[in-house]
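J.: Let me give you the structure first, and then I'll get to my questions.
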Amino acid sequence: MSNTQQKVQDAMEEKVQDLLARKDKLRLGGGQAAIDKQHASGKMTARERLDYFFDAGTFMEFDLFAKHIGTDYGLDKQTLPADGVVTGYGKVNGREVFAYSEDFTVVAGTYGERHGKKICKTVDLARKMGVPVVGMNDSGGARVTEEMGALSEYGQLFFRHVRTSGVIPQIALIMGPVAGGQAYSPALMDFIFMVAKTSYMFIAGPPLVEAVVFKKTTNEELGGPDIHGRISGVSDMTVADDKECLDRTRQLLAYLPPNSSEKPPRLEPTDDPTRVSPELRRIITADPRRSYHAHDVIAQVVDNGEFFEIKKEFAPNLVVGFARLHGYTVGIVANNPPVKAGCLDVDASDKGARFIRFCDAFNVPLINFQDVPGFLIGNEMEAKGIIRHGAKMLFAYAEATVPKITIVLRKAYAGGYLAMCSKDLGADFVFSIPTAEVCLMGPEGAVNILFRKELAAAENPKAVRQQRLQEFFDKYVNPYYSAALQHVDDIIDPQDIRPSIIRALEVCINKQDELPRKKHGNMPL
Amino acid sequence: MAESVTAPMVGKVFQIQCKVGDKVEEEQVIIVLEAMKMEIPVTAPVAGTIKEIKVSEGDTVESDTVLAVIE
């Protein structure tokens, strides 16, 4: 080798070494001390999360060299590696997914202008490629030193989430603080998982709350996973730690298509589609005053009893989540009798409608288990707007064009019957079991209205009442009446629920149904 | 610490299945309400001893009414 050649080669070697050194330095984020602190608080770092989340060796980063924009308040002299957020793409069970992961070790993961631009670019790419996006949030909020730069990028991100909604699944993981306006980024996505103990979300933190509305509070009380999982309904799932959060996200993605133009992936079936469940005859009690748990029914019916529940703690009178039937992804919506008699109240209606709309947007067939005495009635519910909220269930089911299969287990009364996807709301198949009571009104209410005079005048009102009740029941409440009128396609043995749904699902799987041309409907909100 | 057991919804007290001094397990049904023509089981939120029962069978209750106190 000549001297010149050697020099050129050395120059390249030097440049490569320089590149590697620069990358190593940037990848260290806020430095070892900050990383140790992150670990001590029970959290993984931004990069550890991405490494754990994606299939080994598949993560590809972009914009590692992106530099913050702000120069005021000494920012011009600071180095903020990757501007506090790691962005890129990788594979999850072999399927492409975009992700951004905020780096709390870099100035508390604050959302500066470039930080925002990086996240927006990630969402844009995900939408263009028709690939899901996952956001790992861990940020102290807006970087105040970048002022309008940060605020504007919030707006840019919100705009993108909205325009992307219904195109690709957008999943937000809350793995630390998400404070201030930034909380609306997860809120505009499809699902929110929150990590116990380390995560919280609020639009204003305890110091501001105390200063402005004079109430002392804590991060946990204000916006911890318990508040959002159980009361506000903001969160879809509380997980124990970062690893469980990422594991559950991988599981969720496995149920979903990459975008709304595709069907969910079908897995190789691992459970017998003709499997009968004699247990169901025992679980579903024939005593209409008694309860059973919707989960026990779902576990008998779906493949291997595996159910991925959404919003488990919020409005538990309605159970929703993903499962598989003969390998096909389905969305399950089930009334849960032990809680509020399985009635649809304000929160349950919001929960159900949102889940139904997600399923419809991403071609996930809906399986509906009905056991509903009706919408919850009374002063409290009317004042809270059960008419406005309950209407969301009707709207969501009627609008949904995916396959819809309904099984009436017991009560299917009045508006509740319609709101759990009856034939009239577009169910493709409705099955009932012999304990089903499909009717406009329960026998007690009906007899009170129809025979008020007769009962008042009767010598033995109790006996007359009993006789009228039985008569009404035999005439209208039993499932053979609704089947005679074609509101129910077939009455089946409870043990045959699984094979019956699977056969119906198979014949529905290429269903074609379209909404009339319009800009968009006006769902009650 | 004392923990209140509250009514999950508006209804009538149908059955009280415990008495003051009883030891109860977490999730054990202690009171049954009646609403929407169904029996609504109310369970102990924590394990402990029933310190107080604040309602009688037949009482009507609003949601969040304290039904009993467990210590």
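Ordering of the structure tokens sets the chain letters (A, B, ...); residue numbers start at 1 within each chain; ligands are numbered from 1 in the order shown.
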Residues at most 6 Å from stretch 40-54 of chain B, counting only C-alpha atoms, excluding those fewer than 4 positions away in the same chain, as a list of chain:residue names?
T.: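 Contacts, with the query itself left out: B:Val20, B:Gly21, B:Asp22, B:Lys23, B:Val24, B:Glu25, B:Glu26, B:Glu27, B:Gln28, B:Val29, B:Ile30, B:Ile31, B:Val32, B:Leu33, B:Glu34, B:Leu67, B:Ala68, B:Val69, B:Ile70, B:Glu71.
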J.: Any chance you can output those residues with N, CA and C atoms as a short mmCIF file (atom, residue, chain, number, x, y, z; two decimals), in the first residue's frame?
T.:
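Dumped everything to again-v9.cif:
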data_model
loop_
_atom_site.label_atom_id
_atom_site.label_comp_id
_atom_site.auth_asym_id
_atom_site.auth_seq_id
_atom_site.Cartn_x
_atom_site.Cartn_y
_atom_site.Cartn_z
N VAL B 20 -72.50 -7.27 63.32
CA VAL B 20 -71.37 -6.57 63.92
C VAL B 20 -70.50 -7.57 64.67
N GLY B 21 -69.22 -7.48 64.47
CA GLY B 21 -68.28 -8.39 65.12
C GLY B 21 -67.83 -9.54 64.23
N ASP B 22 -68.56 -9.78 63.14
CA ASP B 22 -68.17 -10.87 62.22
C ASP B 22 -66.83 -10.58 61.56
N LYS B 23 -66.02 -11.63 61.43
CA LYS B 23 -64.80 -11.50 60.64
C LYS B 23 -65.15 -11.80 59.18
N VAL B 24 -64.70 -10.94 58.27
CA VAL B 24 -65.01 -11.16 56.85
C VAL B 24 -63.73 -11.15 56.03
N GLU B 25 -63.79 -11.89 54.93
CA GLU B 25 -62.68 -11.94 53.98
C GLU B 25 -62.88 -10.84 52.94
N GLU B 26 -61.79 -10.45 52.29
CA GLU B 26 -61.90 -9.53 51.17
C GLU B 26 -62.75 -10.21 50.09
N GLU B 27 -63.63 -9.45 49.46
CA GLU B 27 -64.48 -9.96 48.37
C GLU B 27 -65.67 -10.78 48.86
N GLN B 28 -65.77 -10.99 50.19
CA GLN B 28 -66.92 -11.75 50.72
C GLN B 28 -68.18 -10.90 50.60
N VAL B 29 -69.28 -11.55 50.17
CA VAL B 29 -70.54 -10.82 50.07
C VAL B 29 -71.06 -10.57 51.48
N ILE B 30 -71.32 -9.31 51.83
CA ILE B 30 -71.80 -9.02 53.18
C ILE B 30 -73.23 -8.48 53.18
N ILE B 31 -73.60 -7.81 52.10
CA ILE B 31 -74.96 -7.27 52.01
C ILE B 31 -75.43 -7.48 50.57
N VAL B 32 -76.74 -7.77 50.42
CA VAL B 32 -77.29 -7.89 49.08
C VAL B 32 -78.33 -6.79 48.90
N LEU B 33 -78.16 -6.01 47.85
CA LEU B 33 -79.15 -4.98 47.52
C LEU B 33 -80.09 -5.54 46.47
N GLU B 34 -81.20 -4.87 46.32
CA GLU B 34 -82.12 -5.22 45.24
C GLU B 34 -82.30 -3.98 44.39
N LEU B 67 -72.95 1.62 53.83
CA LEU B 67 -73.80 0.52 54.31
C LEU B 67 -73.23 -0.08 55.59
N ALA B 68 -71.92 -0.17 55.64
CA ALA B 68 -71.27 -0.80 56.79
C ALA B 68 -69.84 -0.29 56.89
N VAL B 69 -69.25 -0.52 58.06
CA VAL B 69 -67.86 -0.13 58.25
C VAL B 69 -67.07 -1.36 58.70
N ILE B 70 -65.95 -1.58 58.05
CA ILE B 70 -65.08 -2.72 58.39
C ILE B 70 -63.79 -2.19 59.01
N GLU B 71 -63.33 -2.89 60.06
CA GLU B 71 -62.09 -2.44 60.69
C GLU B 71 -61.06 -3.55 60.64
#
J.: So which residues touch A:Arg143 within 10 Å, counting only C-alpha atoms, skipping near sequence neighbours fewer than 5 positions away, as a PDB file with N, CA and C atoms, in the first residue's frame?
T.:
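That gives us out_36.pdb:
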ATOM      1  N   GLY A  70     -34.228  25.860  20.672  1.00  0.00           N
ATOM      2  CA  GLY A  70     -34.189  27.027  21.559  1.00  0.00           C
ATOM      3  C   GLY A  70     -32.763  27.462  21.882  1.00  0.00           C
ATOM      4  N   VAL A 107     -32.998  16.530  30.443  1.00  0.00           N
ATOM      5  CA  VAL A 107     -33.863  17.592  30.978  1.00  0.00           C
ATOM      6  C   VAL A 107     -35.314  17.128  31.190  1.00  0.00           C
ATOM      7  N   ALA A 108     -35.448  16.023  31.934  1.00  0.00           N
ATOM      8  CA  ALA A 108     -36.753  15.480  32.341  1.00  0.00           C
ATOM      9  C   ALA A 108     -37.663  15.167  31.150  1.00  0.00           C
ATOM     10  N   GLY A 109     -37.044  14.827  30.013  1.00  0.00           N
ATOM     11  CA  GLY A 109     -37.860  14.462  28.835  1.00  0.00           C
ATOM     12  C   GLY A 109     -38.765  15.580  28.371  1.00  0.00           C
ATOM     13  N   THR A 110     -38.391  16.808  28.698  1.00  0.00           N
ATOM     14  CA  THR A 110     -39.292  17.924  28.367  1.00  0.00           C
ATOM     15  C   THR A 110     -39.498  18.048  26.860  1.00  0.00           C
ATOM     16  N   TYR A 111     -40.694  18.527  26.535  1.00  0.00           N
ATOM     17  CA  TYR A 111     -41.144  18.612  25.150  1.00  0.00           C
ATOM     18  C   TYR A 111     -40.749  19.971  24.575  1.00  0.00           C
ATOM     19  N   GLY A 112     -39.607  19.983  23.888  1.00  0.00           N
ATOM     20  CA  GLY A 112     -39.159  21.188  23.200  1.00  0.00           C
ATOM     21  C   GLY A 112     -39.616  21.142  21.751  1.00  0.00           C
ATOM     22  N   GLU A 113     -39.208  22.150  20.996  1.00  0.00           N
ATOM     23  CA  GLU A 113     -39.682  22.257  19.616  1.00  0.00           C
ATOM     24  C   GLU A 113     -39.180  21.097  18.744  1.00  0.00           C
ATOM     25  N   HIS A 115     -37.944  18.218  19.786  1.00  0.00           N
ATOM     26  CA  HIS A 115     -38.527  17.024  20.414  1.00  0.00           C
ATOM     27  C   HIS A 115     -39.908  16.765  19.779  1.00  0.00           C
ATOM     28  N   MET A 148     -43.302  29.305  22.718  1.00  0.00           N
ATOM     29  CA  MET A 148     -44.250  28.997  21.641  1.00  0.00           C
ATOM     30  C   MET A 148     -43.787  27.835  20.763  1.00  0.00           C
ATOM     31  N   GLY A 149     -42.460  27.629  20.712  1.00  0.00           N
ATOM     32  CA  GLY A 149     -41.942  26.496  19.941  1.00  0.00           C
ATOM     33  C   GLY A 149     -42.530  25.197  20.471  1.00  0.00           C
ATOM     34  N   ALA A 150     -42.582  25.069  21.803  1.00  0.00           N
ATOM     35  CA  ALA A 150     -43.130  23.861  22.419  1.00  0.00           C
ATOM     36  C   ALA A 150     -44.648  23.803  22.244  1.00  0.00           C
ATOM     37  N   LEU A 151     -45.310  24.922  22.513  1.00  0.00           N
ATOM     38  CA  LEU A 151     -46.781  24.939  22.422  1.00  0.00           C
ATOM     39  C   LEU A 151     -47.246  24.605  21.010  1.00  0.00           C
TER      40      LEU A 151
END
J.: Please identify all residues of chain A having at least one atom at most 12 Å from any atom of chain B, considering only C-alpha atoms, and return them as a ChimeraX atom specification.
T.: /A:287-293,315-317,336-345,371-381,411,413,442-445
J.: Suppose we keep C-alpha atoms; can you now write the selection as a PDB file, in the first residue's frame?
T.:
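out39.pdb written:
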ATOM      1  CA  ASP A 287     -82.712 -17.525  38.136  1.00  0.00           C
ATOM      2  CA  PRO A 288     -83.162 -14.029  36.689  1.00  0.00           C
ATOM      3  CA  ARG A 289     -82.523 -12.416  40.077  1.00  0.00           C
ATOM      4  CA  ARG A 290     -79.103 -14.022  40.381  1.00  0.00           C
ATOM      5  CA  SER A 291     -75.807 -13.074  38.746  1.00  0.00           C
ATOM      6  CA  TYR A 292     -72.885 -14.751  37.051  1.00  0.00           C
ATOM      7  CA  HIS A 293     -69.647 -13.132  35.892  1.00  0.00           C
ATOM      8  CA  ALA A 315     -67.564   0.794  34.446  1.00  0.00           C
ATOM      9  CA  PRO A 316     -67.233  -2.952  35.179  1.00  0.00           C
ATOM     10  CA  ASN A 317     -70.954  -3.390  34.478  1.00  0.00           C
ATOM     11  CA  ASN A 336     -71.795  -8.033  33.494  1.00  0.00           C
ATOM     12  CA  PRO A 337     -74.757  -8.848  35.800  1.00  0.00           C
ATOM     13  CA  PRO A 338     -73.026  -8.664  39.237  1.00  0.00           C
ATOM     14  CA  VAL A 339     -72.249  -4.968  38.778  1.00  0.00           C
ATOM     15  CA  LYS A 340     -75.256  -2.622  38.687  1.00  0.00           C
ATOM     16  CA  ALA A 341     -77.339  -5.582  37.479  1.00  0.00           C
ATOM     17  CA  GLY A 342     -75.450  -5.329  34.180  1.00  0.00           C
ATOM     18  CA  CYS A 343     -77.302  -2.118  33.325  1.00  0.00           C
ATOM     19  CA  LEU A 344     -75.905   0.363  30.853  1.00  0.00           C
ATOM     20  CA  ASP A 345     -75.117   3.580  32.709  1.00  0.00           C
ATOM     21  CA  ASP A 371     -77.905  -9.729  29.635  1.00  0.00           C
ATOM     22  CA  VAL A 372     -79.207  -6.265  30.271  1.00  0.00           C
ATOM     23  CA  PRO A 373     -82.253  -5.170  32.279  1.00  0.00           C
ATOM     24  CA  GLY A 374     -81.998  -1.849  30.427  1.00  0.00           C
ATOM     25  CA  PHE A 375     -80.347   1.498  30.710  1.00  0.00           C
ATOM     26  CA  LEU A 376     -79.870   2.419  34.352  1.00  0.00           C
ATOM     27  CA  ILE A 377     -82.798   4.582  35.422  1.00  0.00           C
ATOM     28  CA  GLY A 378     -83.378   7.182  38.127  1.00  0.00           C
ATOM     29  CA  ASN A 379     -82.736  10.804  38.986  1.00  0.00           C
ATOM     30  CA  GLU A 380     -78.961  10.500  39.125  1.00  0.00           C
ATOM     31  CA  MET A 381     -78.707   8.892  35.697  1.00  0.00           C
ATOM     32  CA  LYS A 411     -82.370 -10.234  29.802  1.00  0.00           C
ATOM     33  CA  TYR A 413     -85.189  -5.522  27.745  1.00  0.00           C
ATOM     34  CA  GLY A 442     -90.411  -6.858  31.899  1.00  0.00           C
ATOM     35  CA  PRO A 443     -93.566  -8.743  32.914  1.00  0.00           C
ATOM     36  CA  GLU A 444     -93.962  -6.855  36.232  1.00  0.00           C
ATOM     37  CA  GLY A 445     -93.985  -3.458  34.610  1.00  0.00           C
TER      38      GLY A 445
END
J.: Can you tell me, as a ChimeraX atom specification, what residues are no more than 10 Å from A:Val133 when counting only C-alpha atoms, ignoring any on the same chain fewer than 4 positions away?
T.: /A:88-89,96-100,122-127,168-172,189,258
J.: Would you list, as number ranges by chain, the residues of stretch 341-502 of chain A that end up in alpha helix (DSSP H) under DSSP run on this structure's backbone?
T.: A: 346-361, 379-384, 386-399, 414-419, 443-450, 452-457, 461-472, 479-484, 497-502
J.: What separation in Å, quoted to one decimal, exists between atom CA of A:Cys120 and atom CA of A:His161?
T.: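 Going from atom CA of A:Cys120 over to atom CA of A:His161 covers 8.9 Å.
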